[in-house]
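Okay, work-v2.tsv is below, TSV, C-alpha atoms:
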```tsv
chain	number	residue	atom	x	y	z
X	1	MET	CA	10.42	26.53	-7.91
X	2	LYS	CA	12.69	24.11	-9.82
X	3	ASN	CA	14.62	23.09	-6.72
X	4	LEU	CA	14.80	23.85	-3.01
X	5	GLU	CA	17.90	26.06	-3.04
X	6	ASP	CA	16.03	29.16	-1.81
X	7	LEU	CA	15.32	27.34	1.46
X	8	LEU	CA	19.04	27.15	2.20
X	9	GLU	CA	19.00	30.88	2.97
X	10	ILE	CA	16.31	30.62	5.67
X	11	THR	CA	17.16	31.41	9.29
X	12	ASP	CA	15.65	28.53	11.21
X	13	LEU	CA	13.33	29.01	14.17
X	14	TRP	CA	15.83	27.84	16.78
X	15	THR	CA	18.41	30.39	15.63
X	16	TYR	CA	15.74	33.10	15.75
X	17	LEU	CA	14.75	32.08	19.27
X	18	GLU	CA	18.38	32.12	20.37
X	19	ASN	CA	18.67	35.76	19.31
X	20	THR	CA	15.28	37.32	20.09
X	21	ASN	CA	14.88	39.73	23.00
X	22	LYS	CA	11.20	38.84	23.40
X	23	ASN	CA	9.81	36.61	26.11
X	24	ILE	CA	9.18	33.09	24.84
X	25	VAL	CA	6.26	31.06	26.20
X	26	LEU	CA	4.88	27.60	25.50
X	27	TYR	CA	1.25	26.94	24.65
X	28	GLY	CA	0.52	23.43	25.89
X	29	MET	CA	1.87	20.68	28.13
X	30	GLY	CA	2.85	17.09	27.59
X	31	ASP	CA	5.28	15.19	25.39
X	32	GLY	CA	5.59	17.91	22.74
X	33	ALA	CA	6.29	20.59	25.33
X	34	ASP	CA	8.87	18.34	26.98
X	35	LYS	CA	10.71	17.90	23.69
X	36	ILE	CA	10.65	21.63	22.93
X	37	LEU	CA	11.92	22.46	26.42
X	38	ASP	CA	14.71	19.92	26.01
X	39	VAL	CA	15.85	21.58	22.77
X	40	CYS	CA	15.61	25.03	24.35
X	41	GLU	CA	17.67	23.94	27.34
X	42	LYS	CA	20.32	22.43	25.08
X	43	ARG	CA	20.50	25.60	22.99
X	44	ARG	CA	20.24	27.93	26.01
X	45	ILE	CA	16.96	29.44	24.86
X	46	GLU	CA	15.20	30.93	27.87
X	47	ILE	CA	11.52	30.11	28.33
X	48	SER	CA	9.51	32.62	30.36
X	49	GLY	CA	6.26	30.75	30.94
X	50	VAL	CA	3.73	28.08	30.01
X	51	PHE	CA	0.02	28.46	29.35
X	52	ALA	CA	-2.82	26.19	28.30
X	53	SER	CA	-6.37	26.56	27.08
X	54	ASP	CA	-8.51	27.89	29.93
X	55	GLU	CA	-10.42	24.62	30.40
X	56	PHE	CA	-7.17	22.77	31.20
X	57	VAL	CA	-5.68	25.32	33.59
X	58	ARG	CA	-5.57	24.38	37.28
X	59	TYR	CA	-2.41	26.42	37.88
X	60	GLN	CA	-0.60	23.11	38.02
X	61	SER	CA	3.17	22.75	37.72
X	62	PHE	CA	4.90	21.63	34.53
X	63	ARG	CA	8.69	21.37	34.35
X	64	GLY	CA	9.02	24.00	37.06
X	65	PHE	CA	6.52	26.43	35.47
X	66	THR	CA	3.09	27.26	36.82
X	67	VAL	CA	0.67	26.60	33.97
X	68	LYS	CA	-1.34	29.78	33.42
X	69	LYS	CA	-4.15	31.06	31.25
X	70	TYR	CA	-3.52	33.01	28.06
X	71	SER	CA	-4.88	36.15	29.75
X	72	ASP	CA	-2.35	35.73	32.56
X	73	ILE	CA	0.50	35.48	30.07
X	74	LYS	CA	-0.65	38.55	28.15
X	75	ALA	CA	-0.91	40.54	31.36
X	76	GLU	CA	2.61	39.49	32.32
X	77	PHE	CA	4.30	39.78	28.91
X	78	GLN	CA	3.20	42.44	26.46
X	79	ASP	CA	4.40	40.86	23.22
X	80	PRO	CA	5.57	37.27	23.78
X	81	VAL	CA	6.66	34.71	21.20
X	82	ILE	CA	4.26	31.79	21.53
X	83	LEU	CA	5.36	28.23	20.72
X	84	VAL	CA	2.52	25.77	20.11
X	85	SER	CA	3.70	22.68	21.97
X	86	PHE	CA	1.15	20.02	21.06
X	87	ALA	CA	-0.22	18.39	17.93
X	88	THR	CA	-3.82	18.56	16.79
X	89	LYS	CA	-6.11	17.95	13.84
X	90	LEU	CA	-9.30	18.99	15.63
X	91	ASP	CA	-10.99	21.81	13.73
X	92	SER	CA	-11.98	23.67	16.90
X	93	VAL	CA	-8.44	23.59	18.31
X	94	MET	CA	-6.84	24.49	14.99
X	95	ASP	CA	-9.21	27.44	14.72
X	96	LYS	CA	-7.97	28.62	18.12
X	97	ILE	CA	-4.40	28.43	16.87
X	98	TYR	CA	-5.19	30.28	13.63
X	99	ASN	CA	-7.02	32.99	15.60
X	100	LEU	CA	-4.03	33.30	17.92
X	101	CYS	CA	-1.79	33.83	14.89
X	102	GLU	CA	-3.82	36.90	13.97
X	103	THR	CA	-3.01	38.68	17.23
X	104	ASP	CA	0.33	37.22	18.35
X	105	GLU	CA	3.67	35.98	17.09
X	106	VAL	CA	3.05	32.23	17.02
X	107	TYR	CA	5.12	29.28	15.82
X	108	ALA	CA	4.74	25.50	15.93
X	109	PRO	CA	8.28	24.16	16.37
X	110	ASP	CA	9.11	20.91	14.63
X	111	VAL	CA	10.53	18.32	17.02
X	112	PRO	CA	10.80	14.71	15.85
X	113	VAL	CA	8.04	12.37	16.99
X	114	PHE	CA	10.71	9.67	17.13
X	115	GLY	CA	14.46	9.70	16.67
X	116	SER	CA	16.99	12.33	17.63
X	117	ASN	CA	17.61	14.34	14.44
X	118	LEU	CA	16.29	17.86	14.90
X	119	PHE	CA	15.04	19.39	11.64
X	120	ASP	CA	17.05	22.62	11.76
X	121	GLY	CA	19.05	24.52	9.18
X	122	THR	CA	22.12	22.35	9.70
X	123	PHE	CA	20.16	19.13	9.17
X	124	PHE	CA	18.59	20.51	5.99
X	125	LYS	CA	21.90	21.68	4.55
X	126	GLU	CA	23.65	18.40	5.36
X	127	ASN	CA	20.94	16.44	3.55
X	128	PHE	CA	20.04	18.98	0.87
X	129	ASP	CA	20.97	16.78	-2.09
X	130	LYS	CA	18.63	14.03	-0.84
X	131	PHE	CA	15.76	16.46	-0.29
X	132	ASN	CA	16.32	17.97	-3.72
X	133	LYS	CA	16.37	14.54	-5.35
X	134	VAL	CA	12.99	13.71	-3.83
X	135	TYR	CA	11.61	17.06	-4.96
X	136	SER	CA	12.73	16.36	-8.54
X	137	MET	CA	10.87	13.03	-8.52
X	138	LEU	CA	7.46	14.41	-7.55
X	139	SER	CA	4.74	13.98	-10.14
X	140	ASP	CA	2.50	17.01	-9.71
X	141	ASP	CA	2.60	20.65	-8.64
X	142	ILE	CA	0.56	19.96	-5.50
X	143	SER	CA	3.22	17.52	-4.30
X	144	LYS	CA	6.01	20.01	-4.96
X	145	LYS	CA	4.16	22.74	-3.08
X	146	VAL	CA	3.45	20.42	-0.15
X	147	TYR	CA	7.04	19.19	0.03
X	148	CYS	CA	8.45	22.71	-0.14
X	149	ASN	CA	5.97	24.13	2.37
X	150	VAL	CA	6.42	21.31	4.87
X	151	ILE	CA	10.21	21.66	4.75
X	152	LYS	CA	9.90	25.43	5.16
X	153	HIS	CA	7.50	24.93	8.07
X	154	LYS	CA	9.88	22.50	9.75
X	155	LEU	CA	12.64	25.10	9.45
X	156	THR	CA	10.63	28.16	10.52
X	157	GLY	CA	7.69	26.89	12.58
X	158	ARG	CA	5.34	29.05	10.49
X	159	ILE	CA	1.83	27.65	10.73
X	160	ASP	CA	0.44	29.46	7.67
X	161	LEU	CA	2.69	27.34	5.46
X	162	LEU	CA	0.79	24.21	6.47
X	163	LYS	CA	-2.63	25.72	5.91
X	164	GLU	CA	-1.53	26.82	2.42
X	165	CYS	CA	-0.73	23.26	1.32
X	166	GLU	CA	-3.45	21.20	3.01
X	167	THR	CA	-5.46	18.80	0.91
X	168	SER	CA	-8.19	16.35	1.87
X	169	ILE	CA	-8.19	12.58	2.22
X	170	ASN	CA	-10.93	12.55	-0.45
X	171	GLU	CA	-8.56	14.25	-2.89
X	172	ALA	CA	-5.84	11.66	-2.26
X	173	TYR	CA	-8.24	8.78	-2.87
X	174	SER	CA	-9.75	10.28	-6.02
X	175	SER	CA	-6.58	11.55	-7.71
X	176	ILE	CA	-3.82	9.23	-6.45
X	177	ILE	CA	-4.97	6.00	-4.81
X	178	LYS	CA	-7.96	5.36	-7.09
X	179	PRO	CA	-8.91	2.12	-5.32
X	180	LYS	CA	-10.17	-0.73	-7.46
X	181	ALA	CA	-13.12	-2.99	-6.77
X	182	HIS	CA	-12.20	-6.49	-5.64
X	183	SER	CA	-8.92	-5.17	-4.27
X	184	ASP	CA	-6.65	-6.57	-1.54
X	185	TYR	CA	-5.90	-4.02	1.17
X	186	VAL	CA	-3.00	-4.09	3.64
X	187	ASP	CA	-2.91	-1.85	6.72
X	188	ILE	CA	0.26	-1.54	8.81
X	189	GLY	CA	-0.45	0.23	12.08
X	190	ALA	CA	-4.17	-0.50	11.86
X	191	TYR	CA	-5.02	0.87	15.34
X	192	ASN	CA	-8.72	0.11	15.98
X	193	GLY	CA	-9.69	-0.28	12.33
X	194	ASP	CA	-10.19	3.40	11.54
X	195	THR	CA	-8.09	3.35	8.36
X	196	ILE	CA	-9.75	0.13	7.22
X	197	ARG	CA	-13.09	1.84	7.69
X	198	GLU	CA	-11.78	4.79	5.69
X	199	TYR	CA	-10.66	2.56	2.81
X	200	LEU	CA	-13.98	0.72	2.72
X	201	SER	CA	-15.81	4.03	2.45
X	202	PHE	CA	-14.12	4.60	-0.92
X	203	VAL	CA	-14.29	1.13	-2.49
X	204	LYS	CA	-16.80	-1.70	-2.43
X	205	ASP	CA	-16.35	-5.44	-2.95
X	206	VAL	CA	-12.93	-5.72	-1.30
X	207	ASN	CA	-11.38	-9.18	-1.62
X	208	SER	CA	-9.39	-9.15	1.59
X	209	VAL	CA	-7.94	-7.07	4.41
X	210	THR	CA	-4.61	-7.85	6.07
X	211	ALA	CA	-3.89	-5.70	9.12
X	212	PHE	CA	-0.97	-5.44	11.55
X	213	GLU	CA	-1.40	-3.92	15.03
X	214	PRO	CA	1.06	-4.63	17.88
X	215	ASP	CA	-0.77	-2.99	20.80
X	216	ILE	CA	-2.89	-5.63	22.56
X	217	LYS	CA	-5.72	-3.26	23.53
X	218	ASN	CA	-5.85	-1.68	20.10
X	219	PHE	CA	-5.79	-5.16	18.59
X	220	ALA	CA	-8.82	-6.17	20.66
X	221	LYS	CA	-10.74	-3.17	19.28
X	222	LEU	CA	-9.54	-4.01	15.76
X	223	SER	CA	-10.71	-7.60	16.16
X	224	GLU	CA	-14.11	-6.50	17.38
X	225	TYR	CA	-14.50	-4.17	14.41
X	226	ALA	CA	-13.42	-6.90	11.98
X	227	LYS	CA	-16.33	-9.04	13.12
X	228	SER	CA	-18.66	-6.59	11.40
X	229	LEU	CA	-16.88	-6.97	8.05
X	230	ASN	CA	-18.33	-9.27	5.46
X	231	ILE	CA	-14.91	-9.90	3.94
X	232	PRO	CA	-11.90	-12.07	4.85
X	233	ALA	CA	-9.74	-10.25	7.41
X	234	ASN	CA	-6.30	-11.51	8.38
X	235	LEU	CA	-5.36	-9.73	11.61
X	236	ILE	CA	-1.83	-9.98	12.98
X	237	ASN	CA	-1.07	-8.92	16.56
X	238	ALA	CA	2.52	-7.98	15.81
X	239	ALA	CA	4.67	-5.12	14.59
X	240	ALA	CA	5.51	-5.14	10.89
X	241	TRP	CA	9.31	-5.15	10.85
X	242	ASP	CA	12.34	-5.96	8.69
X	243	LYS	CA	12.92	-9.32	10.39
X	244	ASN	CA	11.29	-11.68	12.85
X	245	GLU	CA	12.26	-10.88	16.43
X	246	THR	CA	11.02	-9.68	19.81
X	247	LEU	CA	10.87	-5.95	20.50
X	248	THR	CA	10.41	-3.72	23.51
X	249	PHE	CA	7.14	-1.85	23.02
X	250	TYR	CA	5.60	1.10	24.85
X	251	SER	CA	1.83	0.83	24.87
X	252	ARG	CA	-0.43	3.84	25.04
X	253	SER	CA	-3.53	1.96	23.86
X	254	GLY	CA	-4.01	4.69	21.29
X	255	ARG	CA	-2.73	5.82	17.94
X	256	ASN	CA	0.76	6.54	19.29
X	257	SER	CA	1.72	3.14	20.70
X	258	ALA	CA	5.20	2.51	19.41
X	259	TYR	CA	8.51	0.73	19.42
X	260	THR	CA	11.05	3.26	20.67
X	261	THR	CA	13.99	3.36	23.01
X	262	ASN	CA	12.08	5.05	25.80
X	263	HIS	CA	8.75	6.54	26.75
X	264	ALA	CA	8.51	8.30	30.10
X	265	GLY	CA	5.79	6.93	32.35
X	266	LEU	CA	4.92	3.97	30.12
X	267	LYS	CA	5.57	0.36	31.04
X	268	PRO	CA	7.62	-1.55	28.46
X	269	VAL	CA	6.29	-4.85	27.19
X	270	GLU	CA	7.72	-7.41	24.82
X	271	ILE	CA	5.94	-7.90	21.50
X	272	LYS	CA	6.38	-10.03	18.42
X	273	ALA	CA	7.78	-8.38	15.29
X	274	VAL	CA	7.37	-10.02	11.89
X	275	THR	CA	8.09	-9.35	8.24
X	276	ALA	CA	4.86	-8.50	6.48
X	277	ASP	CA	6.02	-10.50	3.46
X	278	ASP	CA	5.31	-13.67	5.44
X	279	TYR	CA	1.63	-12.75	5.85
X	280	VAL	CA	0.65	-10.77	2.75
X	281	LYS	CA	-0.50	-12.92	-0.18
X	282	ASN	CA	-1.80	-10.15	-2.42
X	283	ALA	CA	-1.82	-6.36	-2.20
X	284	ASP	CA	-3.34	-3.64	-4.35
X	285	TYR	CA	-2.98	-0.88	-1.77
X	286	ILE	CA	-0.79	-0.73	1.34
X	287	ASN	CA	-1.23	1.96	3.98
X	288	ILE	CA	1.69	2.39	6.41
X	289	ASP	CA	1.58	4.52	9.55
X	290	ALA	CA	3.84	2.63	11.91
X	291	GLU	CA	4.74	5.28	14.49
X	292	GLY	CA	8.41	5.68	13.67
X	293	SER	CA	8.93	2.13	12.40
X	294	ASP	CA	7.73	2.94	8.88
X	295	MET	CA	11.07	2.25	7.16
X	296	LYS	CA	11.43	-1.03	9.06
X	297	ALA	CA	7.95	-2.04	7.90
X	298	LEU	CA	8.80	-1.18	4.28
X	299	CYS	CA	11.97	-3.26	4.42
X	300	GLY	CA	9.83	-6.24	5.43
X	301	LEU	CA	7.66	-5.78	2.33
X	302	GLN	CA	10.32	-6.18	-0.37
X	303	LYS	CA	8.86	-9.42	-1.81
X	304	THR	CA	5.32	-8.03	-1.78
X	305	ILE	CA	6.42	-4.85	-3.55
X	306	GLU	CA	8.31	-6.82	-6.19
X	307	LYS	CA	5.44	-9.28	-6.76
X	308	CYS	CA	2.38	-7.00	-6.52
X	309	ARG	CA	3.72	-3.48	-7.14
X	310	PRO	CA	0.86	-2.02	-5.10
X	311	VAL	CA	-0.04	1.60	-4.55
X	312	ILE	CA	1.66	2.52	-1.27
X	313	SER	CA	0.94	5.34	1.14
X	314	CYS	CA	3.54	5.82	3.88
X	315	ALA	CA	3.85	8.37	6.67
X	316	ILE	CA	6.98	10.52	6.40
X	317	TYR	CA	6.58	12.72	9.49
X	318	HIS	CA	7.67	10.54	12.42
X	319	ARG	CA	11.44	10.97	12.00
X	320	SER	CA	13.18	13.95	10.41
X	321	GLU	CA	15.04	11.69	7.99
X	322	ASP	CA	11.79	10.04	6.84
X	323	MET	CA	11.22	13.05	4.56
X	324	PHE	CA	13.92	11.79	2.20
X	325	GLU	CA	14.83	8.23	3.26
X	326	ILE	CA	11.39	6.72	2.66
X	327	PRO	CA	10.71	8.36	-0.75
X	328	LEU	CA	14.22	7.46	-1.98
X	329	TYR	CA	13.82	3.85	-0.79
X	330	LEU	CA	10.48	3.51	-2.56
X	331	ALA	CA	11.86	5.07	-5.75
X	332	GLU	CA	14.66	2.51	-5.80
X	333	LYS	CA	12.20	-0.38	-5.41
X	334	TYR	CA	9.75	0.80	-8.08
X	335	GLY	CA	11.99	2.06	-10.86
X	336	ASP	CA	9.25	3.43	-13.14
X	337	PHE	CA	6.76	5.25	-10.92
X	338	GLU	CA	4.64	8.23	-10.03
X	339	MET	CA	5.29	9.82	-6.63
X	340	TYR	CA	3.13	12.24	-4.67
X	341	ILE	CA	3.25	14.01	-1.29
X	342	ARG	CA	0.15	15.11	0.57
X	343	HIS	CA	-0.38	16.89	3.90
X	344	PHE	CA	-3.76	16.61	5.59
X	345	PRO	CA	-4.94	19.24	8.11
X	346	TYR	CA	-2.70	19.02	11.18
X	347	VAL	CA	-0.51	21.30	13.30
X	348	PRO	CA	2.45	20.77	13.25
X	349	ALA	CA	3.29	18.86	10.02
X	350	TRP	CA	1.92	15.47	11.08
X	351	ASP	CA	-0.20	13.44	8.66
X	352	THR	CA	2.21	14.08	5.80
X	353	ASN	CA	2.47	11.07	3.50
X	354	VAL	CA	4.28	9.89	0.40
X	355	TYR	CA	2.41	7.91	-2.27
X	356	ILE	CA	4.01	5.75	-4.93
X	357	LYS	CA	2.36	3.83	-7.77
X	358	ASN	CA	3.18	2.32	-11.12
X	359	LYS	CA	3.44	4.93	-13.85
X	360	SER	CA	0.85	3.10	-15.91
X	361	GLU	CA	-1.77	3.16	-13.12
```
Re-express the file's structure as structure tokens.
Amino acid sequence: MKNLEDLLEITDLWTYLENTNKNIVLYGMGDGADKILDVCEKRRIEISGVFASDEFVRYQSFRGFTVKKYSDIKAEFQDPVILVSFATKLDSVMDKIYNLCETDEVYAPDVPVFGSNLFDGTFFKENFDKFNKVYSMLSDDISKKVYCNVIKHKLTGRIDLLKECETSINEAYSSIIKPKAHSDYVDIGAYNGDTIREYLSFVKDVNSVTAFEPDIKNFAKLSEYAKSLNIPANLINAAAWDKNETLTFYSRSGRNSAYTTNHAGLKPVEIKAVTADDYVKNADYINIDAEGSDMKALCGLQKTIEKCRPVISCAIYHRSEDMFEIPLYLAEKYGDFEMYIRHFPYVPAWDTNVYIKNKSE
């Protein structure tokens, strides 16, 4: 495929759901199901029921539905359309979803983790030139397949498209990142140190680690882990941002703690936000997974990018517009570059990242 024009002809999932005569049911509860129900209500798509994996079913109530078992749903509706309404990378859970796809009509709708732009046919058409520009910049066939498949998945909800384009973290490190010994590593959204641990499993003799984590409980875990490192670690309990200010933050004490406008049921706290440029002295590799604040974090790294021209990995799945805004921003900053897209095993299309590096690397 030389461009993405064929995708313009696709009927998106929401349009299909608006017109189907089949019963539509949700598989799962929680934030993802809430977002899907909100879209369905707005578009007048009728939902007939909700079910969960048997071990979670207590016939509890969720948004006015009694949460049932899969067997209950199948007894009630002969041939329902099933919408997977949660995100997972667990092999056992993903296997359940793949097995379900063999017997039922199953989709994983794309709803933005953050932001309000729904990735539907209208959104894709309005931003087609930007998507196509990113596609034309990609440096290998794997990246082009991933980018095309992820966009097609976001439009259609088809789960097989994700499985077709999955690659491993090992592949990204060996073929793209290629970490150097005695390197300086920067981690934005460091959580409890898991991505630092990952980096150190691929490279020895690291010079330094600089890590940003705004959640106070996550930061405590990060600090405890850093004590075991025999390398200098500069830990910053703040959000990496495009300027220095105070933000409202919603803490989940997990991977999804984030700066957003609202999170139901979570208590807002004030946190410090800083530009990473003020704390990063050297950088060979920067990993960014900032829970919807990824572009803000990048904007606070302009001096570091200009000075060090590091390899950068950045999440592009939190906001619908991240799929083109972040790659185009990075391309502008680098000028002469190689760019890659990778999707690691996840349903829906989470853990999709852009990589940029100097062409000579």
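Shortest separation to Ile177 of chain X among X:Tyr250, X:Tyr27, X:Tyr135, X:Tyr285 occurs at residue X:Tyr285, atoms counted being all atoms listed in the file.
Going from atom CA of Glu224 of chain X over to atom CA of Thr210 of chain X, you cover 14.8 Å.
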Sorted by chain and rising residue number, which residues of segment 136-219 of chain X lie within 12 Å of segment 71-87 of chain X, and what are their closest atom pairs and distances in Å to one decimal, counting all atoms listed in the file, as a tab-separated table?
```
residue	atom	partner	partner_atom	distance
X:Thr156	CA	X:Leu83	CA	11.5
X:Gly157	CA	X:Leu83	CA	8.6
X:Arg158	CA	X:Leu83	CA	10.3
X:Ile159	CA	X:Val84	CA	9.6
```
Note to self: Taking all atoms listed in the file into account, name the residue in X:Glu270, X:Asp278, X:Glu325, X:Asp38 that is nearest to Lys243 of chain X.
What the structure shows: X:Asp278
Item checked: Shell around Ile196 of chain X at 9 Å using all atoms listed in the file, local window under 3 positions removed, as a ChimeraX atom specification -> /X:185-187,190,192-193,199-201,209,211
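Nearest to Lys296 of chain X of all the residues X:Tyr191, X:Phe128, X:Trp241, X:Phe123 is X:Trp241, based on only C-alpha atoms.
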